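Okay, my_file10.txt is below, compact mmCIF, N, CA and C atoms and all ligand atoms:
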# COMPACT_ATOMS: atom_id res chain seq x y z
N MET K 1 78.20 86.89 89.60
CA MET K 1 79.65 87.07 89.60
C MET K 1 80.29 85.87 90.31
N PRO K 2 81.31 85.28 89.73
CA PRO K 2 81.96 84.13 90.40
C PRO K 2 82.63 84.57 91.71
N LEU K 3 82.75 83.62 92.60
CA LEU K 3 83.30 83.93 93.93
C LEU K 3 84.68 84.59 93.84
N GLY K 4 85.50 84.11 92.90
CA GLY K 4 86.85 84.66 92.75
C GLY K 4 86.83 86.15 92.49
N ALA K 5 85.90 86.58 91.66
CA ALA K 5 85.81 88.00 91.33
C ALA K 5 85.40 88.81 92.56
N TRP K 6 84.49 88.26 93.35
CA TRP K 6 84.09 88.96 94.57
C TRP K 6 85.26 89.12 95.52
N VAL K 7 86.01 88.03 95.65
CA VAL K 7 87.16 88.08 96.55
C VAL K 7 88.12 89.16 96.07
N ARG K 8 88.31 89.24 94.75
CA ARG K 8 89.23 90.24 94.21
C ARG K 8 88.69 91.66 94.49
N VAL K 9 87.39 91.84 94.28
CA VAL K 9 86.79 93.16 94.53
C VAL K 9 86.94 93.53 96.00
N LEU K 10 86.62 92.57 96.88
CA LEU K 10 86.72 92.83 98.32
C LEU K 10 88.16 93.14 98.71
N ASP K 11 89.08 92.36 98.16
CA ASP K 11 90.50 92.55 98.41
C ASP K 11 90.90 93.99 98.14
N ARG K 12 90.52 94.46 96.98
CA ARG K 12 90.91 95.80 96.57
C ARG K 12 90.26 96.85 97.48
N ALA K 13 89.00 96.60 97.82
CA ALA K 13 88.29 97.56 98.67
C ALA K 13 88.98 97.67 100.03
N ILE K 14 89.51 96.56 100.50
CA ILE K 14 90.15 96.57 101.80
C ILE K 14 91.57 97.13 101.70
N LEU K 15 92.27 96.78 100.63
CA LEU K 15 93.67 97.13 100.55
C LEU K 15 93.91 98.61 100.21
N VAL K 16 93.05 99.18 99.40
CA VAL K 16 93.27 100.57 99.00
C VAL K 16 92.07 101.39 99.40
N MET K 17 92.23 102.23 100.41
CA MET K 17 91.12 103.05 100.87
C MET K 17 91.15 104.38 100.13
N PRO K 18 90.00 104.92 99.81
CA PRO K 18 89.97 106.19 99.09
C PRO K 18 90.57 107.30 99.92
N MET K 19 91.19 108.26 99.26
CA MET K 19 91.84 109.35 99.97
C MET K 19 90.95 110.58 99.96
N GLY K 20 90.47 110.96 101.11
CA GLY K 20 89.70 112.19 101.23
C GLY K 20 90.63 113.35 101.54
N ASP K 21 90.08 114.51 101.77
CA ASP K 21 90.90 115.68 102.07
C ASP K 21 91.56 115.56 103.45
N HIS K 22 90.87 114.81 104.33
CA HIS K 22 91.35 114.78 105.71
C HIS K 22 91.69 113.37 106.17
N GLU K 23 92.06 112.52 105.26
CA GLU K 23 92.46 111.18 105.67
C GLU K 23 93.77 110.80 104.98
N ASN K 24 94.47 109.89 105.64
CA ASN K 24 95.64 109.31 105.00
C ASN K 24 95.17 108.22 104.07
N GLU K 25 95.90 108.03 103.00
CA GLU K 25 95.65 106.91 102.10
C GLU K 25 96.51 105.75 102.60
N VAL K 26 95.92 104.57 102.73
CA VAL K 26 96.66 103.40 103.20
C VAL K 26 96.58 102.34 102.12
N GLY K 27 97.70 101.73 101.79
CA GLY K 27 97.71 100.68 100.80
C GLY K 27 98.72 99.61 101.17
N THR K 28 98.69 98.52 100.43
CA THR K 28 99.68 97.47 100.69
C THR K 28 100.42 97.16 99.40
N ALA K 29 101.60 96.61 99.56
CA ALA K 29 102.41 96.21 98.41
C ALA K 29 102.93 94.80 98.69
N PRO K 30 103.21 94.06 97.62
CA PRO K 30 103.67 92.67 97.79
C PRO K 30 104.96 92.58 98.59
N PRO K 31 105.15 91.47 99.31
CA PRO K 31 106.38 91.26 100.08
C PRO K 31 107.60 91.30 99.17
N ARG K 32 108.71 91.84 99.64
CA ARG K 32 109.94 91.83 98.84
C ARG K 32 111.18 91.53 99.68
N GLY K 33 111.13 91.84 100.99
CA GLY K 33 112.29 91.57 101.84
C GLY K 33 113.41 92.54 101.52
N ARG K 34 114.23 92.84 102.53
CA ARG K 34 115.33 93.77 102.31
C ARG K 34 116.53 93.03 101.77
N PRO K 35 117.29 93.71 100.90
CA PRO K 35 118.48 93.05 100.34
C PRO K 35 119.48 92.71 101.45
N LYS K 36 119.99 91.48 101.42
CA LYS K 36 120.99 91.07 102.41
C LYS K 36 122.36 91.54 101.94
N LEU K 37 123.10 92.13 102.84
CA LEU K 37 124.44 92.62 102.50
C LEU K 37 125.48 91.70 103.13
N GLY K 38 126.60 91.54 102.45
CA GLY K 38 127.65 90.69 102.96
C GLY K 38 128.30 91.28 104.21
N ARG K 39 128.65 90.42 105.17
CA ARG K 39 129.22 90.90 106.43
C ARG K 39 130.57 91.59 106.22
N GLN K 40 131.46 90.94 105.43
CA GLN K 40 132.80 91.52 105.25
C GLN K 40 132.74 92.86 104.52
N ASP K 41 131.89 92.93 103.50
CA ASP K 41 131.75 94.18 102.76
C ASP K 41 131.22 95.28 103.68
N THR K 42 130.26 94.91 104.53
CA THR K 42 129.70 95.88 105.47
C THR K 42 130.74 96.33 106.48
N GLU K 43 131.55 95.38 106.98
CA GLU K 43 132.62 95.74 107.93
C GLU K 43 133.58 96.73 107.30
N ARG K 44 133.91 96.48 106.03
CA ARG K 44 134.84 97.39 105.33
C ARG K 44 134.24 98.79 105.22
N ARG K 45 132.96 98.85 104.84
CA ARG K 45 132.32 100.16 104.68
C ARG K 45 132.18 100.89 106.01
N LEU K 46 131.75 100.16 107.06
CA LEU K 46 131.60 100.78 108.38
C LEU K 46 132.94 101.24 108.91
N SER K 47 133.99 100.41 108.73
CA SER K 47 135.33 100.77 109.21
C SER K 47 135.82 102.02 108.51
N SER K 48 135.52 102.13 107.22
CA SER K 48 135.94 103.31 106.47
C SER K 48 135.21 104.55 106.98
N LEU K 49 133.91 104.42 107.25
CA LEU K 49 133.14 105.55 107.77
C LEU K 49 133.62 105.97 109.16
N ALA K 50 133.86 104.97 110.00
CA ALA K 50 134.23 105.25 111.40
C ALA K 50 135.73 105.52 111.54
N LYS K 51 136.50 105.26 110.47
CA LYS K 51 137.96 105.42 110.47
C LYS K 51 138.61 104.60 111.59
N THR K 52 138.03 103.45 111.88
CA THR K 52 138.62 102.51 112.82
C THR K 52 138.09 101.13 112.44
N GLN K 53 138.83 100.10 112.85
CA GLN K 53 138.46 98.73 112.47
C GLN K 53 137.17 98.30 113.17
N ILE K 54 136.15 97.96 112.41
CA ILE K 54 134.89 97.50 113.00
C ILE K 54 134.66 96.03 112.62
N LYS K 55 134.42 95.21 113.66
CA LYS K 55 134.15 93.78 113.43
C LYS K 55 132.72 93.51 113.86
N LEU K 56 131.97 92.86 113.00
CA LEU K 56 130.60 92.47 113.34
C LEU K 56 130.61 91.03 113.82
N PRO K 57 129.68 90.66 114.72
CA PRO K 57 129.59 89.26 115.14
C PRO K 57 129.34 88.36 113.93
N ALA K 58 129.82 87.12 114.00
CA ALA K 58 129.71 86.20 112.87
C ALA K 58 128.25 85.98 112.45
N ASN K 59 127.34 86.09 113.43
CA ASN K 59 125.93 85.83 113.09
C ASN K 59 125.16 87.11 112.77
N ALA K 60 125.88 88.23 112.59
CA ALA K 60 125.20 89.50 112.31
C ALA K 60 124.51 89.42 110.94
N ALA K 61 123.27 89.84 110.92
CA ALA K 61 122.55 89.90 109.66
C ALA K 61 122.46 91.36 109.25
N VAL K 62 122.95 91.68 108.08
CA VAL K 62 122.96 93.07 107.64
C VAL K 62 122.08 93.21 106.41
N THR K 63 121.16 94.16 106.50
CA THR K 63 120.26 94.35 105.36
C THR K 63 120.33 95.79 104.88
N GLY K 64 120.08 95.97 103.60
CA GLY K 64 120.07 97.30 103.01
C GLY K 64 118.66 97.85 102.97
N GLY K 65 118.54 99.07 102.54
CA GLY K 65 117.23 99.70 102.43
C GLY K 65 116.60 99.41 101.09
N PRO K 66 115.32 99.71 100.97
CA PRO K 66 114.62 99.49 99.70
C PRO K 66 115.05 100.53 98.67
N SER K 67 114.96 100.20 97.39
CA SER K 67 115.35 101.16 96.37
C SER K 67 114.15 101.82 95.71
N THR K 68 112.94 101.33 95.99
CA THR K 68 111.77 101.95 95.38
C THR K 68 110.65 102.12 96.39
N CYS K 69 109.77 103.09 96.10
CA CYS K 69 108.59 103.36 96.91
C CYS K 69 107.52 102.30 96.58
N PRO K 70 106.94 101.65 97.62
CA PRO K 70 105.92 100.64 97.35
C PRO K 70 104.60 101.25 96.87
N ALA K 71 104.43 102.56 97.03
CA ALA K 71 103.18 103.20 96.63
C ALA K 71 103.23 103.72 95.19
N CYS K 72 104.38 104.30 94.78
CA CYS K 72 104.42 104.93 93.44
C CYS K 72 105.60 104.46 92.60
N ALA K 73 106.44 103.59 93.15
CA ALA K 73 107.59 103.01 92.44
C ALA K 73 108.73 104.00 92.19
N SER K 74 108.65 105.19 92.75
CA SER K 74 109.74 106.16 92.61
C SER K 74 111.00 105.60 93.28
N THR K 75 112.15 106.01 92.78
CA THR K 75 113.41 105.62 93.41
C THR K 75 113.91 106.72 94.36
N ASN K 76 113.11 107.75 94.53
CA ASN K 76 113.49 108.90 95.35
C ASN K 76 113.07 108.66 96.80
N VAL K 77 113.68 107.65 97.43
CA VAL K 77 113.29 107.28 98.80
C VAL K 77 114.42 107.58 99.78
N ILE K 78 114.03 107.93 100.99
CA ILE K 78 115.02 108.20 102.03
C ILE K 78 114.68 107.39 103.28
N TRP K 79 115.68 107.22 104.12
CA TRP K 79 115.52 106.52 105.38
C TRP K 79 114.72 107.40 106.33
N GLY K 80 113.88 106.77 107.16
CA GLY K 80 113.06 107.51 108.11
C GLY K 80 113.87 108.31 109.12
N CYS K 81 115.15 107.91 109.32
CA CYS K 81 116.01 108.64 110.27
C CYS K 81 116.89 109.67 109.56
N ALA K 82 116.67 109.90 108.28
CA ALA K 82 117.46 110.91 107.58
C ALA K 82 117.22 112.27 108.21
N GLU K 83 118.26 113.12 108.18
CA GLU K 83 118.15 114.42 108.84
C GLU K 83 117.02 115.27 108.30
N GLU K 84 116.71 115.10 107.01
CA GLU K 84 115.66 115.96 106.43
C GLU K 84 114.26 115.57 106.90
N GLN K 85 114.14 114.41 107.54
CA GLN K 85 112.84 114.01 108.09
C GLN K 85 112.78 114.59 109.50
N THR K 86 112.02 115.66 109.69
CA THR K 86 112.06 116.37 110.97
C THR K 86 110.77 116.23 111.77
N ARG K 87 109.81 115.44 111.27
CA ARG K 87 108.54 115.32 111.99
C ARG K 87 108.75 114.48 113.26
N THR K 88 108.01 114.84 114.31
CA THR K 88 108.14 114.16 115.59
C THR K 88 107.21 112.95 115.65
N ARG K 89 107.39 112.15 116.69
CA ARG K 89 106.56 110.98 116.91
C ARG K 89 105.07 111.34 116.90
N GLU K 90 104.72 112.49 117.48
CA GLU K 90 103.32 112.91 117.55
C GLU K 90 102.78 113.24 116.16
N GLU K 91 103.65 113.62 115.25
CA GLU K 91 103.21 114.02 113.91
C GLU K 91 103.19 112.85 112.92
N VAL K 92 104.06 111.87 113.15
CA VAL K 92 104.18 110.77 112.19
C VAL K 92 103.03 109.78 112.38
N HIS K 93 102.50 109.29 111.27
CA HIS K 93 101.40 108.33 111.31
C HIS K 93 101.84 107.05 112.05
N PRO K 94 100.98 106.50 112.92
CA PRO K 94 101.38 105.31 113.71
C PRO K 94 101.75 104.09 112.87
N LEU K 95 101.33 104.03 111.61
CA LEU K 95 101.72 102.89 110.77
C LEU K 95 103.15 103.04 110.26
N VAL K 96 103.72 104.22 110.44
CA VAL K 96 105.10 104.46 109.98
C VAL K 96 106.05 104.52 111.17
N TRP K 97 105.53 104.87 112.35
CA TRP K 97 106.36 104.99 113.56
C TRP K 97 106.22 103.71 114.38
N ASP K 98 107.32 103.02 114.62
CA ASP K 98 107.28 101.79 115.42
C ASP K 98 107.66 102.14 116.86
N ASP K 99 106.91 101.59 117.83
CA ASP K 99 107.15 101.92 119.23
C ASP K 99 108.56 101.57 119.70
N GLU K 100 109.13 100.49 119.14
CA GLU K 100 110.46 100.07 119.56
C GLU K 100 111.56 100.58 118.64
N GLN K 101 111.32 100.50 117.34
CA GLN K 101 112.36 100.88 116.38
C GLN K 101 112.29 102.36 115.99
N TRP K 102 111.24 103.05 116.44
CA TRP K 102 110.98 104.43 116.03
C TRP K 102 110.96 104.50 114.51
N MET K 103 111.90 105.23 113.89
CA MET K 103 111.89 105.34 112.43
C MET K 103 113.04 104.55 111.80
N ALA K 104 113.70 103.70 112.59
CA ALA K 104 114.89 103.01 112.09
C ALA K 104 114.59 102.03 110.95
N ASP K 105 113.39 101.48 110.90
CA ASP K 105 113.02 100.56 109.83
C ASP K 105 112.03 101.20 108.86
N SER K 106 111.88 102.52 108.99
CA SER K 106 110.89 103.23 108.16
C SER K 106 111.58 103.96 107.01
N PHE K 107 110.84 104.09 105.93
CA PHE K 107 111.34 104.81 104.76
C PHE K 107 110.27 105.76 104.26
N ILE K 108 110.71 106.77 103.53
CA ILE K 108 109.81 107.82 103.06
C ILE K 108 110.10 108.07 101.59
N CYS K 109 109.03 108.32 100.84
CA CYS K 109 109.18 108.65 99.43
C CYS K 109 109.15 110.16 99.28
N ARG K 110 110.19 110.73 98.67
CA ARG K 110 110.23 112.18 98.49
C ARG K 110 109.22 112.63 97.43
N ASP K 111 108.83 111.72 96.53
CA ASP K 111 107.94 112.13 95.45
C ASP K 111 106.47 112.13 95.85
N CYS K 112 106.00 111.06 96.52
CA CYS K 112 104.56 111.01 96.84
C CYS K 112 104.31 111.13 98.34
N GLN K 113 105.37 111.27 99.15
CA GLN K 113 105.24 111.47 100.61
C GLN K 113 104.72 110.23 101.34
N ALA K 114 104.75 109.08 100.67
CA ALA K 114 104.35 107.85 101.37
C ALA K 114 105.41 107.48 102.39
N GLY K 115 104.98 106.83 103.46
CA GLY K 115 105.90 106.29 104.44
C GLY K 115 105.52 104.86 104.72
N TRP K 116 106.50 104.04 105.09
CA TRP K 116 106.23 102.64 105.38
C TRP K 116 107.35 102.05 106.20
N ILE K 117 107.04 100.96 106.90
CA ILE K 117 108.06 100.18 107.60
C ILE K 117 108.45 99.05 106.67
N GLU K 118 109.74 98.94 106.40
CA GLU K 118 110.23 97.92 105.47
C GLU K 118 110.69 96.71 106.28
N PRO K 119 109.93 95.60 106.25
CA PRO K 119 110.33 94.43 107.03
C PRO K 119 111.59 93.78 106.45
N ASP K 120 112.42 93.20 107.33
CA ASP K 120 113.62 92.49 106.88
C ASP K 120 113.26 91.30 106.00
N GLU K 121 112.30 90.51 106.48
CA GLU K 121 111.88 89.31 105.76
C GLU K 121 110.74 89.69 104.81
N PRO K 122 110.54 88.89 103.76
CA PRO K 122 109.46 89.21 102.83
C PRO K 122 108.08 89.13 103.51
N GLU K 123 107.53 90.26 103.82
CA GLU K 123 106.18 90.36 104.39
C GLU K 123 105.46 91.47 103.62
N THR K 124 104.15 91.39 103.59
CA THR K 124 103.38 92.43 102.92
C THR K 124 103.73 93.80 103.52
N ILE K 125 103.90 94.77 102.67
CA ILE K 125 104.25 96.12 103.11
C ILE K 125 102.98 96.97 103.18
N THR K 126 102.82 97.67 104.28
CA THR K 126 101.70 98.61 104.40
C THR K 126 102.26 100.02 104.34
N TRP K 127 101.79 100.79 103.38
CA TRP K 127 102.28 102.17 103.27
C TRP K 127 101.16 103.15 103.58
N VAL K 128 101.55 104.35 103.98
CA VAL K 128 100.60 105.41 104.34
C VAL K 128 101.02 106.67 103.60
N ARG K 129 100.05 107.37 103.01
CA ARG K 129 100.35 108.58 102.25
C ARG K 129 99.39 109.70 102.65
N PRO K 130 99.85 110.84 103.11
CA PRO K 130 101.25 111.12 103.45
C PRO K 130 101.67 110.38 104.72
N TYR K 131 102.93 110.41 105.03
CA TYR K 131 103.41 109.62 106.18
C TYR K 131 103.15 110.30 107.51
N TRP K 132 102.64 111.50 107.49
CA TRP K 132 102.30 112.19 108.74
C TRP K 132 100.79 112.15 108.92
N LYS K 133 100.35 112.44 110.15
CA LYS K 133 98.92 112.45 110.46
C LYS K 133 98.29 113.67 109.81
N VAL K 134 97.20 113.48 109.09
CA VAL K 134 96.53 114.64 108.47
C VAL K 134 95.31 115.04 109.29
ZN ZN L 201 106.16 107.23 96.32

Kindly present the structure from the file in structure tokens form.
Ligand SMILES: [Zn+2]
Amino acid sequence: MPLGAWVRVLDRAILVMPMGDHENEVGTAPPRGRPKLGRQDTERRLSSLAKTQIKLPANAAVTGGPSTCPACASTNVIWGCAEEQTRTREEVHPLVWDDEQWMADSFICRDCQAGWIEPDEPETITWVRPYWKV
């Protein structure tokens, strides 16, 4: 077998671990980066929500959430801080819970229960299914 094929086989073996009854499935998805949102448009939306004038610093970087699940491509994704996500830090898988950001940069797929931290910049995404500890 040529070296390239071995590398590909090894890659896959490392990136996608088999899912047993008592383990989380962990996989990776290609980098995509979060969509950058315009500052003025964001100020308008935030001001409308808060019903008061909100000004962001000129250097504020505003990013949106992902529109698809990196594990199954579903568009049925929610923010990790959404009210319907009620699992505690002790229950959430450590690859989905960040010690500093908690669930603020995390997203969850309603269809396959995958969870992941969505990096602002294009970096490889690591997802865990289900997003809680099994
Ligand atoms: Zn999914």

Can you tell me, as a PyMOL selection string, which residues in chain K count as strand (DSSP E) by DSSP?
chain K and resi 25-29+36-37+62-63+77-79+106-109+115-117+125-129

With N, CA and C atoms kept, could you save the residues just selected as an mmCIF file, in the coordinates of the input?
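After the write, result10.cif holds the following:
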data_model
loop_
_atom_site.group_PDB
_atom_site.id
_atom_site.type_symbol
_atom_site.label_atom_id
_atom_site.label_comp_id
_atom_site.auth_asym_id
_atom_site.auth_seq_id
_atom_site.Cartn_x
_atom_site.Cartn_y
_atom_site.Cartn_z
ATOM 1 N N GLU K 25 95.900 108.030 103.000
ATOM 2 C CA GLU K 25 95.650 106.910 102.100
ATOM 3 C C GLU K 25 96.510 105.750 102.600
ATOM 4 N N VAL K 26 95.920 104.570 102.730
ATOM 5 C CA VAL K 26 96.660 103.400 103.200
ATOM 6 C C VAL K 26 96.580 102.340 102.120
ATOM 7 N N GLY K 27 97.700 101.730 101.790
ATOM 8 C CA GLY K 27 97.710 100.680 100.800
ATOM 9 C C GLY K 27 98.720 99.610 101.170
ATOM 10 N N THR K 28 98.690 98.520 100.430
ATOM 11 C CA THR K 28 99.680 97.470 100.690
ATOM 12 C C THR K 28 100.420 97.160 99.400
ATOM 13 N N ALA K 29 101.600 96.610 99.560
ATOM 14 C CA ALA K 29 102.410 96.210 98.410
ATOM 15 C C ALA K 29 102.930 94.800 98.690
ATOM 16 N N LYS K 36 119.990 91.480 101.420
ATOM 17 C CA LYS K 36 120.990 91.070 102.410
ATOM 18 C C LYS K 36 122.360 91.540 101.940
ATOM 19 N N LEU K 37 123.100 92.130 102.840
ATOM 20 C CA LEU K 37 124.440 92.620 102.500
ATOM 21 C C LEU K 37 125.480 91.700 103.130
ATOM 22 N N VAL K 62 122.950 91.680 108.080
ATOM 23 C CA VAL K 62 122.960 93.070 107.640
ATOM 24 C C VAL K 62 122.080 93.210 106.410
ATOM 25 N N THR K 63 121.160 94.160 106.500
ATOM 26 C CA THR K 63 120.260 94.350 105.360
ATOM 27 C C THR K 63 120.330 95.790 104.880
ATOM 28 N N VAL K 77 113.680 107.650 97.430
ATOM 29 C CA VAL K 77 113.290 107.280 98.800
ATOM 30 C C VAL K 77 114.420 107.580 99.780
ATOM 31 N N ILE K 78 114.030 107.930 100.990
ATOM 32 C CA ILE K 78 115.020 108.200 102.030
ATOM 33 C C ILE K 78 114.680 107.390 103.280
ATOM 34 N N TRP K 79 115.680 107.220 104.120
ATOM 35 C CA TRP K 79 115.520 106.520 105.380
ATOM 36 C C TRP K 79 114.720 107.400 106.330
ATOM 37 N N SER K 106 111.880 102.520 108.990
ATOM 38 C CA SER K 106 110.890 103.230 108.160
ATOM 39 C C SER K 106 111.580 103.960 107.010
ATOM 40 N N PHE K 107 110.840 104.090 105.930
ATOM 41 C CA PHE K 107 111.340 104.810 104.760
ATOM 42 C C PHE K 107 110.270 105.760 104.260
ATOM 43 N N ILE K 108 110.710 106.770 103.530
ATOM 44 C CA ILE K 108 109.810 107.820 103.060
ATOM 45 C C ILE K 108 110.100 108.070 101.590
ATOM 46 N N CYS K 109 109.030 108.320 100.840
ATOM 47 C CA CYS K 109 109.180 108.650 99.430
ATOM 48 C C CYS K 109 109.150 110.160 99.280
ATOM 49 N N GLY K 115 104.980 106.830 103.460
ATOM 50 C CA GLY K 115 105.900 106.290 104.440
ATOM 51 C C GLY K 115 105.520 104.860 104.720
ATOM 52 N N TRP K 116 106.500 104.040 105.090
ATOM 53 C CA TRP K 116 106.230 102.640 105.380
ATOM 54 C C TRP K 116 107.350 102.050 106.200
ATOM 55 N N ILE K 117 107.040 100.960 106.900
ATOM 56 C CA ILE K 117 108.060 100.180 107.600
ATOM 57 C C ILE K 117 108.450 99.050 106.670
ATOM 58 N N ILE K 125 103.900 94.770 102.670
ATOM 59 C CA ILE K 125 104.250 96.120 103.110
ATOM 60 C C ILE K 125 102.980 96.970 103.180
ATOM 61 N N THR K 126 102.820 97.670 104.280
ATOM 62 C CA THR K 126 101.700 98.610 104.400
ATOM 63 C C THR K 126 102.260 100.020 104.340
ATOM 64 N N TRP K 127 101.790 100.790 103.380
ATOM 65 C CA TRP K 127 102.280 102.170 103.270
ATOM 66 C C TRP K 127 101.160 103.150 103.580
ATOM 67 N N VAL K 128 101.550 104.350 103.980
ATOM 68 C CA VAL K 128 100.600 105.410 104.340
ATOM 69 C C VAL K 128 101.020 106.670 103.600
ATOM 70 N N ARG K 129 100.050 107.370 103.010
ATOM 71 C CA ARG K 129 100.350 108.580 102.250
ATOM 72 C C ARG K 129 99.390 109.700 102.650
#

Write out as a list of chain:residue names which residues come within 8 Å of Glu121 (chain K) when counting only N, CA and C atoms, dropping same-chain ones fewer than 4 positions away.
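That gives K:Pro31, K:Arg32, K:Gly33, K:Arg34.
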
The residue from K:Ala60, K:Val26, K:Cys81, K:Val134 with the smallest atom-to-atom distance to Leu95 (chain K), counting only C-alpha atoms, is K:Val26

If you run DSSP on this backbone, which residues of chain K come out as helix (DSSP H, G or I), and could you give them as a PyMOL selection string?
chain K and resi 3-15+39-50

Please report, as a tab-separated table, each residue of chain K lying at most 7 Å from ligand ZN 201 (chain L), together with the nearest pair of atoms and the separation in Å rounded to one decimal; use only N, CA and C atoms and all ligand atoms, and order rows by chain and ascending residue number.
residue	atom	partner	partner_atom	distance
K:Thr68	C	L:ZN201	ZN	6.8
K:Cys69	CA	L:ZN201	ZN	4.6
K:Pro70	N	L:ZN201	ZN	5.8
K:Ala71	C	L:ZN201	ZN	4.7
K:Cys72	N	L:ZN201	ZN	3.8
K:Ala73	N	L:ZN201	ZN	4.8
K:Ser74	N	L:ZN201	ZN	4.8
K:Ile108	C	L:ZN201	ZN	6.6
K:Cys109	CA	L:ZN201	ZN	4.6
K:Arg110	N	L:ZN201	ZN	5.8
K:Asp111	C	L:ZN201	ZN	4.9
K:Cys112	N	L:ZN201	ZN	3.8
K:Gln113	N	L:ZN201	ZN	5.0
K:Ala114	N	L:ZN201	ZN	4.9

In the coordinates of the file, take the point (101.1, 111.2, 107.1) and a cut-off of 8 Å; then, counting only N, CA and C atoms, name each qualifying protein, DNA or RNA residue as a PDB file with N, CA and C atoms, keeping the file's coordinate frame.
ATOM      1  N   GLU K  23      92.060 112.520 105.260  1.00  0.00           N
ATOM      2  CA  GLU K  23      92.460 111.180 105.670  1.00  0.00           C
ATOM      3  C   GLU K  23      93.770 110.800 104.980  1.00  0.00           C
ATOM      4  N   ASN K  24      94.470 109.890 105.640  1.00  0.00           N
ATOM      5  CA  ASN K  24      95.640 109.310 105.000  1.00  0.00           C
ATOM      6  C   ASN K  24      95.170 108.220 104.070  1.00  0.00           C
ATOM      7  N   GLU K  25      95.900 108.030 103.000  1.00  0.00           N
ATOM      8  CA  GLU K  25      95.650 106.910 102.100  1.00  0.00           C
ATOM      9  C   GLU K  25      96.510 105.750 102.600  1.00  0.00           C
ATOM     10  N   GLU K  91     103.650 113.620 115.250  1.00  0.00           N
ATOM     11  CA  GLU K  91     103.210 114.020 113.910  1.00  0.00           C
ATOM     12  C   GLU K  91     103.190 112.850 112.920  1.00  0.00           C
ATOM     13  N   VAL K  92     104.060 111.870 113.150  1.00  0.00           N
ATOM     14  CA  VAL K  92     104.180 110.770 112.190  1.00  0.00           C
ATOM     15  C   VAL K  92     103.030 109.780 112.380  1.00  0.00           C
ATOM     16  N   HIS K  93     102.500 109.290 111.270  1.00  0.00           N
ATOM     17  CA  HIS K  93     101.400 108.330 111.310  1.00  0.00           C
ATOM     18  C   HIS K  93     101.840 107.050 112.050  1.00  0.00           C
ATOM     19  N   PRO K  94     100.980 106.500 112.920  1.00  0.00           N
ATOM     20  CA  PRO K  94     101.380 105.310 113.710  1.00  0.00           C
ATOM     21  C   PRO K  94     101.750 104.090 112.870  1.00  0.00           C
ATOM     22  N   GLN K 113     105.370 111.270  99.150  1.00  0.00           N
ATOM     23  CA  GLN K 113     105.240 111.470 100.610  1.00  0.00           C
ATOM     24  C   GLN K 113     104.720 110.230 101.340  1.00  0.00           C
ATOM     25  N   ALA K 114     104.750 109.080 100.670  1.00  0.00           N
ATOM     26  CA  ALA K 114     104.350 107.850 101.370  1.00  0.00           C
ATOM     27  C   ALA K 114     105.410 107.480 102.390  1.00  0.00           C
ATOM     28  N   GLY K 115     104.980 106.830 103.460  1.00  0.00           N
ATOM     29  CA  GLY K 115     105.900 106.290 104.440  1.00  0.00           C
ATOM     30  C   GLY K 115     105.520 104.860 104.720  1.00  0.00           C
ATOM     31  N   VAL K 128     101.550 104.350 103.980  1.00  0.00           N
ATOM     32  CA  VAL K 128     100.600 105.410 104.340  1.00  0.00           C
ATOM     33  C   VAL K 128     101.020 106.670 103.600  1.00  0.00           C
ATOM     34  N   ARG K 129     100.050 107.370 103.010  1.00  0.00           N
ATOM     35  CA  ARG K 129     100.350 108.580 102.250  1.00  0.00           C
ATOM     36  C   ARG K 129      99.390 109.700 102.650  1.00  0.00           C
ATOM     37  N   PRO K 130      99.850 110.840 103.110  1.00  0.00           N
ATOM     38  CA  PRO K 130     101.250 111.120 103.450  1.00  0.00           C
ATOM     39  C   PRO K 130     101.670 110.380 104.720  1.00  0.00           C
ATOM     40  N   TYR K 131     102.930 110.410 105.030  1.00  0.00           N
ATOM     41  CA  TYR K 131     103.410 109.620 106.180  1.00  0.00           C
ATOM     42  C   TYR K 131     103.150 110.300 107.510  1.00  0.00           C
ATOM     43  N   TRP K 132     102.640 111.500 107.490  1.00  0.00           N
ATOM     44  CA  TRP K 132     102.300 112.190 108.740  1.00  0.00           C
ATOM     45  C   TRP K 132     100.790 112.150 108.920  1.00  0.00           C
ATOM     46  N   LYS K 133     100.350 112.440 110.150  1.00  0.00           N
ATOM     47  CA  LYS K 133      98.920 112.450 110.460  1.00  0.00           C
ATOM     48  C   LYS K 133      98.290 113.670 109.810  1.00  0.00           C
ATOM     49  N   VAL K 134      97.200 113.480 109.090  1.00  0.00           N
ATOM     50  CA  VAL K 134      96.530 114.640 108.470  1.00  0.00           C
ATOM     51  C   VAL K 134      95.310 115.040 109.290  1.00  0.00           C
TER      52      VAL K 134
END

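Compared by their closest atoms to Gln40 (chain K), and using only C-alpha atoms, the residues K:Thr28, K:Lys55, K:Glu123, K:Val77 rank with K:Lys55 nearest.
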
What gap, in Å, lies between CA of Trp97 (chain K) and atom C of Glu83 (chain K)?
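About the pair CA of Trp97 (chain K) and atom C of Glu83 (chain K): they are 15.7 Å apart.
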
Gap from CA of Pro35 (chain K) to atom N of Gly64 (chain K) - Å, one decimal:
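About the pair CA of Pro35 (chain K) and atom N of Gly64 (chain K): they are 4.7 Å apart.
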
Please report the interatomic distance between CA of Leu46 (chain K) and CA of Asp120 (chain K) in Å with one decimal.
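About the pair CA of Leu46 (chain K) and CA of Asp120 (chain K): they are 19.9 Å apart.
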
Rank K:Asn76, K:Arg45, K:Val96, K:Gly65 by their smallest atom-to-atom distance to Trp116 (chain K), using all atoms listed in the file, and report the top residue only.
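The closest residue to Trp116 (chain K) is K:Val96.
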